[in-house]
Structure formats: structure tokens, C-alpha cells
>>> print(open('model_0.cif').read())   # mmCIF, C-alpha atoms
data_my_file
#
loop_
_atom_site.label_atom_id
_atom_site.label_comp_id
_atom_site.auth_asym_id
_atom_site.auth_seq_id
_atom_site.Cartn_x
_atom_site.Cartn_y
_atom_site.Cartn_z
CA MET S 1 106.05 69.09 93.41
CA THR S 2 109.33 70.12 91.83
CA THR S 3 112.32 67.82 92.15
CA PRO S 4 115.46 69.62 93.39
CA THR S 5 118.51 69.63 91.13
CA PHE S 6 120.42 67.54 93.67
CA ASP S 7 119.09 64.88 96.01
CA ARG S 8 121.17 65.51 99.12
CA THR S 9 120.12 62.17 100.64
CA ALA S 10 121.84 60.23 97.83
CA TRP S 11 125.42 61.47 97.88
CA ARG S 12 126.80 57.93 98.11
CA VAL S 13 127.34 56.40 94.65
CA PRO S 14 125.83 52.86 94.52
CA PRO S 15 128.05 49.91 93.47
CA ASP S 16 126.73 49.62 89.90
CA ARG S 17 127.38 53.29 89.16
CA LEU S 18 130.72 53.15 90.94
CA LEU S 19 131.77 50.23 88.72
CA ALA S 20 130.70 52.15 85.61
CA ALA S 21 132.63 55.23 86.73
CA THR S 22 135.70 53.11 87.44
CA CYS S 23 135.65 51.72 83.90
CA VAL S 24 135.51 55.21 82.43
CA LEU S 25 138.27 56.43 84.71
CA ALA S 26 140.43 53.47 83.68
CA PHE S 27 140.14 54.65 80.08
CA ALA S 28 140.96 58.20 81.22
CA VAL S 29 144.11 56.98 82.96
CA ALA S 30 145.06 55.07 79.82
CA GLN S 31 145.02 58.39 77.94
CA TRP S 32 147.71 59.64 80.31
CA GLN S 33 149.80 56.49 80.06
CA VAL S 34 149.80 56.18 76.25
CA GLU S 35 150.35 59.36 74.23
CA TRP S 36 148.55 58.05 71.14
CA SER S 37 148.11 61.42 69.44
CA PRO S 38 150.82 62.77 67.13
CA VAL S 39 150.00 66.16 68.67
CA PRO S 40 151.50 66.26 72.20
CA GLY S 41 149.04 66.79 75.02
CA VAL S 42 145.86 65.84 73.12
CA ALA S 43 145.47 62.42 74.73
CA ARG S 44 145.99 63.85 78.21
CA ALA S 45 143.52 66.65 77.57
CA ILE S 46 140.88 64.08 76.60
CA GLY S 47 141.77 62.02 79.66
CA LEU S 48 141.21 65.09 81.84
CA LEU S 49 137.83 65.71 80.19
CA LEU S 50 136.83 62.12 80.94
CA ILE S 51 137.76 62.53 84.60
CA VAL S 52 135.91 65.82 85.05
CA GLU S 53 132.81 64.59 83.23
CA THR S 54 132.71 61.39 85.28
CA VAL S 55 132.89 63.35 88.53
CA LEU S 56 130.06 65.62 87.36
CA LEU S 57 127.86 62.70 86.31
CA CYS S 58 128.42 61.01 89.67
CA LEU S 59 126.71 63.91 91.43
CA PRO S 60 123.34 62.98 93.01
CA TRP S 61 121.15 64.53 90.33
CA GLY S 62 117.53 64.67 91.48
CA LEU S 63 115.00 62.13 90.24
CA PRO S 64 112.58 62.05 88.51
CA ARG S 65 114.19 64.37 85.99
CA ASP S 66 110.99 65.52 84.30
CA GLN S 67 109.89 67.16 87.54
CA ARG S 68 113.13 69.11 87.84
CA ALA S 69 113.46 72.78 86.92
CA PRO S 70 114.75 73.31 83.36
CA ALA S 71 118.01 74.93 84.46
CA GLY S 72 118.98 71.93 86.58
CA PHE S 73 118.06 69.47 83.84
CA VAL S 74 120.00 71.36 81.19
CA ALA S 75 123.00 71.58 83.53
CA GLU S 76 123.09 67.78 83.83
CA ALA S 77 122.68 67.38 80.07
CA ALA S 78 125.55 69.82 79.50
CA ALA S 79 127.75 67.85 81.91
CA GLY S 80 127.10 64.75 79.81
CA LEU S 81 128.31 66.56 76.71
CA LEU S 82 131.62 67.67 78.22
CA VAL S 83 133.60 64.79 76.70
CA PRO S 84 131.88 64.59 73.28
CA VAL S 85 131.92 68.32 72.60
CA GLY S 86 135.16 69.09 74.42
CA ALA S 87 137.05 66.29 72.68
CA VAL S 88 135.93 67.46 69.24
CA VAL S 89 137.10 70.99 70.05
CA VAL S 90 140.47 69.70 71.26
CA LEU S 91 140.95 67.48 68.20
CA VAL S 92 139.91 70.16 65.72
CA VAL S 93 142.21 72.77 67.27
CA ALA S 94 145.06 70.24 67.26
CA GLY S 95 144.38 69.27 63.65
CA ALA S 96 144.10 65.59 64.64
CA PRO S 97 144.60 63.45 61.51
CA GLN S 98 141.86 60.93 62.36
CA LEU S 99 139.24 63.61 61.80
CA PHE S 100 140.20 64.03 58.16
CA ALA S 101 140.65 60.42 57.03
CA GLY S 102 137.91 59.34 54.64
CA ALA S 103 136.85 55.89 53.47
CA ASP S 104 135.58 54.17 50.35
CA LEU S 105 131.90 54.75 49.61
CA TRP S 106 130.87 51.19 50.41
CA TRP S 107 132.09 51.61 54.00
CA TYR S 108 129.48 54.34 54.48
CA LEU S 109 126.86 51.86 53.32
CA VAL S 110 128.20 49.37 55.85
CA GLY S 111 128.04 51.99 58.60
CA ALA S 112 124.50 53.01 57.70
CA GLY S 113 123.41 49.39 57.47
CA PHE S 114 124.86 48.61 60.88
CA GLY S 115 123.10 51.64 62.34
CA ALA S 116 119.82 50.33 60.93
CA VAL S 117 120.52 46.92 62.48
CA LEU S 118 121.03 48.58 65.87
CA VAL S 119 117.68 50.36 65.53
CA VAL S 120 115.98 47.02 64.86
CA LEU S 121 117.82 45.39 67.78
CA GLY S 122 116.65 48.23 70.02
CA GLY S 123 113.05 47.24 69.31
CA ILE S 124 111.65 50.73 68.87
CA ASP S 125 108.21 50.88 67.27
CA LEU S 126 109.07 52.77 64.08
CA ARG S 127 105.46 52.90 62.91
CA GLY S 128 104.43 54.37 66.24
CA LEU S 129 107.32 56.81 66.03
CA LEU S 130 106.22 58.03 62.63
CA ASP S 131 102.53 58.46 63.51
CA GLY S 132 103.21 59.95 66.96
CA SER S 133 101.52 57.20 68.97
CA LEU S 134 104.79 56.13 70.57
CA ALA S 135 105.35 59.63 71.95
CA PHE S 136 101.76 59.60 73.25
CA LEU S 137 102.34 56.30 75.05
CA ARG S 138 105.66 57.46 76.53
CA GLY S 139 103.99 60.62 77.79
CA PRO S 140 104.89 64.30 77.52
CA THR S 141 108.01 65.90 78.92
CA PRO S 142 108.69 69.62 79.52
CA ARG S 143 109.94 71.28 76.36
CA PRO S 144 113.41 72.24 77.72
CA HIS S 145 113.92 68.64 78.84
CA GLY S 146 112.82 67.16 75.53
CA VAL S 147 114.90 69.56 73.48
CA ALA S 148 117.95 68.95 75.68
CA ARG S 149 117.58 65.17 75.28
CA ALA S 150 117.13 65.55 71.53
CA VAL S 151 120.22 67.75 71.20
CA CYS S 152 122.31 65.30 73.23
CA SER S 153 121.25 62.38 71.05
CA LEU S 154 122.81 63.99 67.95
CA ALA S 155 125.56 66.09 69.56
CA ALA S 156 127.19 63.19 71.39
CA PRO S 157 128.05 60.72 68.55
CA PRO S 158 130.85 62.73 66.84
CA GLY S 159 132.83 63.09 70.04
CA GLU S 160 132.06 59.56 71.22
CA GLU S 161 133.38 58.11 67.99
CA ALA S 162 136.48 60.28 68.14
CA VAL S 163 137.22 59.42 71.77
CA PHE S 164 136.23 55.77 72.09
CA ARG S 165 137.00 54.53 68.56
CA GLY S 166 139.45 57.08 67.16
CA VAL S 167 142.39 55.73 69.15
CA VAL S 168 142.46 52.64 66.97
CA LEU S 169 143.40 54.85 63.99
CA VAL S 170 146.30 56.74 65.52
CA ALA S 171 147.75 54.73 68.41
CA ALA S 172 150.92 52.72 67.93
CA ALA S 173 150.36 49.13 66.82
CA GLY S 174 151.20 47.68 70.23
CA SER S 175 148.79 49.91 72.15
CA ALA S 176 145.95 50.45 69.66
CA LEU S 177 143.98 47.28 70.40
CA PRO S 178 144.27 47.44 74.22
CA LEU S 179 143.24 51.10 74.21
CA ALA S 180 140.36 50.40 71.85
CA MET S 181 139.10 47.50 73.99
CA ILE S 182 139.23 49.60 77.15
CA GLY S 183 137.45 52.32 75.20
CA ALA S 184 134.69 49.90 74.16
CA VAL S 185 134.04 49.00 77.79
CA ALA S 186 134.20 52.66 78.83
CA PHE S 187 131.73 53.61 76.09
CA ILE S 188 129.14 51.23 77.57
CA ALA S 189 129.96 52.19 81.15
CA ARG S 190 129.78 55.93 80.52
CA HIS S 191 126.04 55.65 79.80
CA ARG S 192 125.51 54.15 83.26
CA VAL S 193 127.32 56.64 85.47
CA GLN S 194 124.36 58.97 85.99
CA PRO S 195 121.66 58.11 88.56
CA GLY S 196 118.47 56.44 87.37
CA ALA S 197 117.90 53.76 84.77
CA ASN S 198 117.81 56.29 81.87
CA GLY S 199 116.09 53.66 79.74
CA ARG S 200 119.12 51.35 79.94
CA ALA S 201 118.06 48.90 82.65
CA THR S 202 117.11 46.06 80.29
CA SER S 203 119.22 43.29 78.84
CA ARG S 204 118.21 44.47 75.37
CA ALA S 205 119.62 47.95 76.00
CA PHE S 206 122.92 46.46 77.17
CA LEU S 207 123.04 44.17 74.12
CA VAL S 208 122.53 47.10 71.75
CA GLU S 209 125.24 49.17 73.44
CA ALA S 210 127.67 46.24 73.45
CA ALA S 211 126.96 45.56 69.79
CA ALA S 212 127.47 49.25 69.00
CA ALA S 213 130.76 49.38 70.92
CA VAL S 214 132.19 46.37 69.09
CA GLY S 215 130.62 46.98 65.70
CA PHE S 216 131.61 50.63 65.41
CA LEU S 217 135.12 49.78 66.57
CA VAL S 218 135.48 47.11 63.87
CA ILE S 219 134.09 49.41 61.18
CA THR S 220 136.48 52.19 62.22
CA ALA S 221 139.52 49.90 62.33
CA TRP S 222 138.82 48.21 58.99
CA SER S 223 137.70 51.32 57.10
CA GLY S 224 140.53 53.49 58.47
CA SER S 225 138.06 56.31 59.10
CA LEU S 226 135.73 57.59 61.81
CA TRP S 227 133.05 58.70 59.37
CA PRO S 228 131.29 55.42 58.43
CA ALA S 229 130.82 54.49 62.08
CA LEU S 230 129.69 58.04 62.87
CA LEU S 231 127.03 57.80 60.15
CA GLY S 232 125.76 54.56 61.68
CA HIS S 233 125.83 56.06 65.17
CA LEU S 234 123.79 59.08 64.08
CA LEU S 235 121.24 56.87 62.32
CA ASN S 236 120.92 54.75 65.45
CA ASN S 237 120.26 57.87 67.56
CA LEU S 238 117.88 59.49 65.08
CA PRO S 239 114.70 57.79 66.39
CA ALA S 240 115.49 59.03 69.92
CA PHE S 241 115.96 62.54 68.53
CA VAL S 242 112.55 62.45 66.84
CA LEU S 243 110.82 60.87 69.85
CA GLN S 244 112.12 63.44 72.33
CA LEU S 245 111.01 66.34 70.15
CA GLN S 246 107.56 64.74 69.81
CA ARG S 247 107.27 64.34 73.57
CA ALA S 248 108.31 67.91 74.33
CA THR S 249 105.43 70.09 75.50
CA PRO S 250 105.43 73.77 76.47
CA GLU S 251 103.44 72.96 79.60
CA ARG S 252 105.32 72.09 82.76
CA ILE S 253 104.61 68.60 84.09
CA VAL S 254 103.94 68.38 87.80
CA ALA S 255 103.25 65.46 90.11
#
>>> encode(input="model_0.cif", output="C-alpha cells")
Amino acid sequence: MTTPTFDRTAWRVPPDRLLAATCVLAFAVAQWQVEWSPVPGVARAIGLLLIVETVLLCLPWGLPRDQRAPAGFVAEAAAGLLVPVGAVVVLVVAGAPQLFAGADLWWYLVGAGFGAVLVVLGGIDLRGLLDGSLAFLRGPTPRPHGVARAVCSLAAPPGEEAVFRGVVLVAAAGSALPLAMIGAVAFIARHRVQPGANGRATSRAFLVEAAAAVGFLVITAWSGSLWPALLGHLLNNLPAFVLQLQRATPERIVA
């Protein structure tokens, strides 16, 4: 049985998702209140992207996702990339200075090391990942779904770092820390706006996300660059990228 793209019996957003959406929207409103970018309008454009994406993710997407038609699954995945991809486009077009600030080499080692720590904290079976047994235990997923998940795992970090950590590099001294702290909370909350657990229902998952939000923020602030934290973020997401490609199968999974 195929799951419809939208579950029309679940239009009401439950309290936990509503709280997550509120946290993200608070960060979006902060973009409108504090024009942190030296290029006028950039902060507000990112705030608008956050609002639109949050509304889209609050839609009652049908569960379970692996039984949904590929077009509906990809549409939800694309909605979740609106902020990461859209923000990068906005910042590149505006020539945002935080995109071009580098750091000393040892900061990249710090970023990579912290990414490795996050992988360990996440508890993924790296041996099972390498020999394919972990993908076998998790079970197959339709190829479009697996590829979409894999793409999201590596396409999201650049924009997430620019949006949720980049403000600490360009905002005025009096507003940088408050914006960055709201951004850290919004970063965690944003992963919980969609319906379903999405593999984030455990205390361990929350701990890893909280550690990432704080750790990447500190690395960005102290290094003066987005790139070391981005390297760590990509390394942290790399196992998920590999796992989703391993799970992808050309055969459609049905109940």
C-alpha cells in the first residue's frame, strides 16, 4: 500500500513540533529585527526563507516515508533544503564577507577532530557501515528516497553553518552572541519540525545535535571563519551519506 504525500487526518501540528517550529520562527524574526549583514536586505531574505521552510515542513507529510511515491518524498526533501541552499545563493550573490574568511590550518584540524568526536558520540557502527552489514540491518529503501536523503546530508551543512553560525562573524558586538544563541536553539529545533521521529527521538541524538550546535558555534567564533566548522559538519554527516546510498535499492518497497 502506498502512503499518500499528505496525511489529511493529521493537519494539526502536535505540541512538540509546534515548539520546534516556534524556536525556528523566533530566529527568523530575529533576522528582521537585527540587520547583521553589511549588505542590506540579506538578513531579512534569510529570515523569510526560514519562515517559508518552516511552514512547508509543518505540512502533514505522509508516514511512513519509504512507502510514499518518489515525487512526494523528493518534494519534502527539497522543502528541507530551502534554507540551506537558498541562504547560500543569497549570500553568494550578495558577496557576504563571512563566506570568504579563512582560518589558520590548525583550526581545520580542530573542526575535523570535533566532527570525528560527534560521529563517535552518535554511536554509529563504523565497521558495520564499511562492510555493509549496517545497511542490511537497517533495511532497504527505494532508490529515489535513499539518494534524496544522501544528497540532503551533504547539501545542508554549508547553508546551515552560514545561517546558524555565520551571524557570529558579522553581527555587531552587542547582538552577535544573542543571535548566535537563538541560532543554536533554532538549529536543533529545525530538525524536529517535520512529522515522525526521523531518527532523532533518542536522548543520544539530542545530545549530539546540542553538542554540534555549541561546538560549531565556538569553533566559528574563535577561528573567525565558517570553514573549519563546515569541515567538521560534513565529516559528521558523511556516515549518513554512505549509509543511505547503501540502503538505496531500485526495487520499490511495499507493505
>>> atom_distance(input="model_0.cif", atom1="atom CA of Val55 of chain S", atom2="atom CA of Ala21 of chain S")
8.3 Å
>>> closest_atom_pairs(input="model_0.cif", of="segment 2-118 of chain S", to="segment 178-186 of chain S", cutoff="8 Å", atoms="only C-alpha atoms", output="CSV")
residue,atom,partner,partner_atom,distance
S:Ala20,CA,S:Ala186,CA,7.6
S:Cys23,CA,S:Ala186,CA,5.4
S:Val24,CA,S:Ala186,CA,4.6
S:Ala26,CA,S:Ile182,CA,7.7
S:Phe27,CA,S:Ile182,CA,5.9
S:Ala30,CA,S:Leu179,CA,7.1
>>> atom_distance(input="model_0.cif", atom1="atom CA of Leu235 of chain S", atom2="atom CA of Ala213 of chain S")
14.9 Å
>>> axis_aligned_box(input="model_0.cif", around="segment 78-96 of chain S", padding_each_side="3 Å", output="lines of an AutoDock Vina configuration file")
center_x = 135.3
center_y = 68.7
center_z = 72.8
size_x = 25.5
size_y = 14.2
size_z = 24.3
>>> resolve_selection(input="model_0.cif", expression="the PyMOL selection byres ((chain S and resi 31) around 6)", output="list in words")
Ala28, Val29, Ala30, Trp32, Gln33, Val34, Ala43, Arg44 and Gly47 of chain S
>>> resolve_selection(input="model_0.cif", expression="the PyMOL selection byres ((chain S and resi 206) around 12)", output="VMD selection string")
chain S and resid 118 121 to 122 185 187 to 189 191 to 192 197 199 to 205 207 to 213
>>> closest_residue(input="model_0.cif", among="S:Ala87, S:Leu169, S:Ala148, S:Val193", to="Leu18 of chain S", atoms="all atoms listed in the file")
S:Val193
>>> resolve_selection(input="model_0.cif", expression="the PyMOL selection byres ((chain S and resi 159) around 7)", output="PyMOL selection string")
chain S and resi 83-85+87-88+156-158+160-163
>>> atom_distance(input="model_0.cif", atom1="atom CA of Asn198 of chain S", atom2="atom CA of Leu49 of chain S")
22.2 Å
>>> residues_near_point(input="model_0.cif", point="(104.4, 64.4, 72.4)", cutoff="7 Å", atoms="all atoms listed in the file", output="PyMOL selection string")
chain S and resi 135-136+139-140+246-249
>>> closest_residue(input="model_0.cif", among="S:Pro60, S:Pro14, S:Pro239, S:Pro70", to="Thr141 of chain S", atoms="all atoms listed in the file")
S:Pro70
>>> closest_residue(input="model_0.cif", among="S:Ala79, S:Val110, S:Val74, S:Ala240", to="Glu53 of chain S", atoms="only C-alpha atoms")
S:Ala79
>>> residues_around(input="model_0.cif", residues="Leu137 of chain S", least_positions_apart="6", cutoff="12 Å", atoms="only C-alpha atoms", output="number ranges by chain")
S: 125, 128-129, 131, 243, 246-247
>>> write_last_selection(input="model_0.cif", atoms="C-alpha atoms", output="PDB file, in the coordinates of the input")
ATOM      1  CA  ASP S 125     108.210  50.880  67.270  1.00  0.00           C
ATOM      2  CA  GLY S 128     104.430  54.370  66.240  1.00  0.00           C
ATOM      3  CA  LEU S 129     107.320  56.810  66.030  1.00  0.00           C
ATOM      4  CA  ASP S 131     102.530  58.460  63.510  1.00  0.00           C
ATOM      5  CA  LEU S 243     110.820  60.870  69.850  1.00  0.00           C
ATOM      6  CA  GLN S 246     107.560  64.740  69.810  1.00  0.00           C
ATOM      7  CA  ARG S 247     107.270  64.340  73.570  1.00  0.00           C
TER       8      ARG S 247
END
>>> residues_around(input="model_0.cif", residues="Gln98 of chain S", least_positions_apart="3", cutoff="8 Å", atoms="all atoms listed in the file", output="MDAnalysis selection string")
chainID S and resid 101 162 166 169:170 225:226
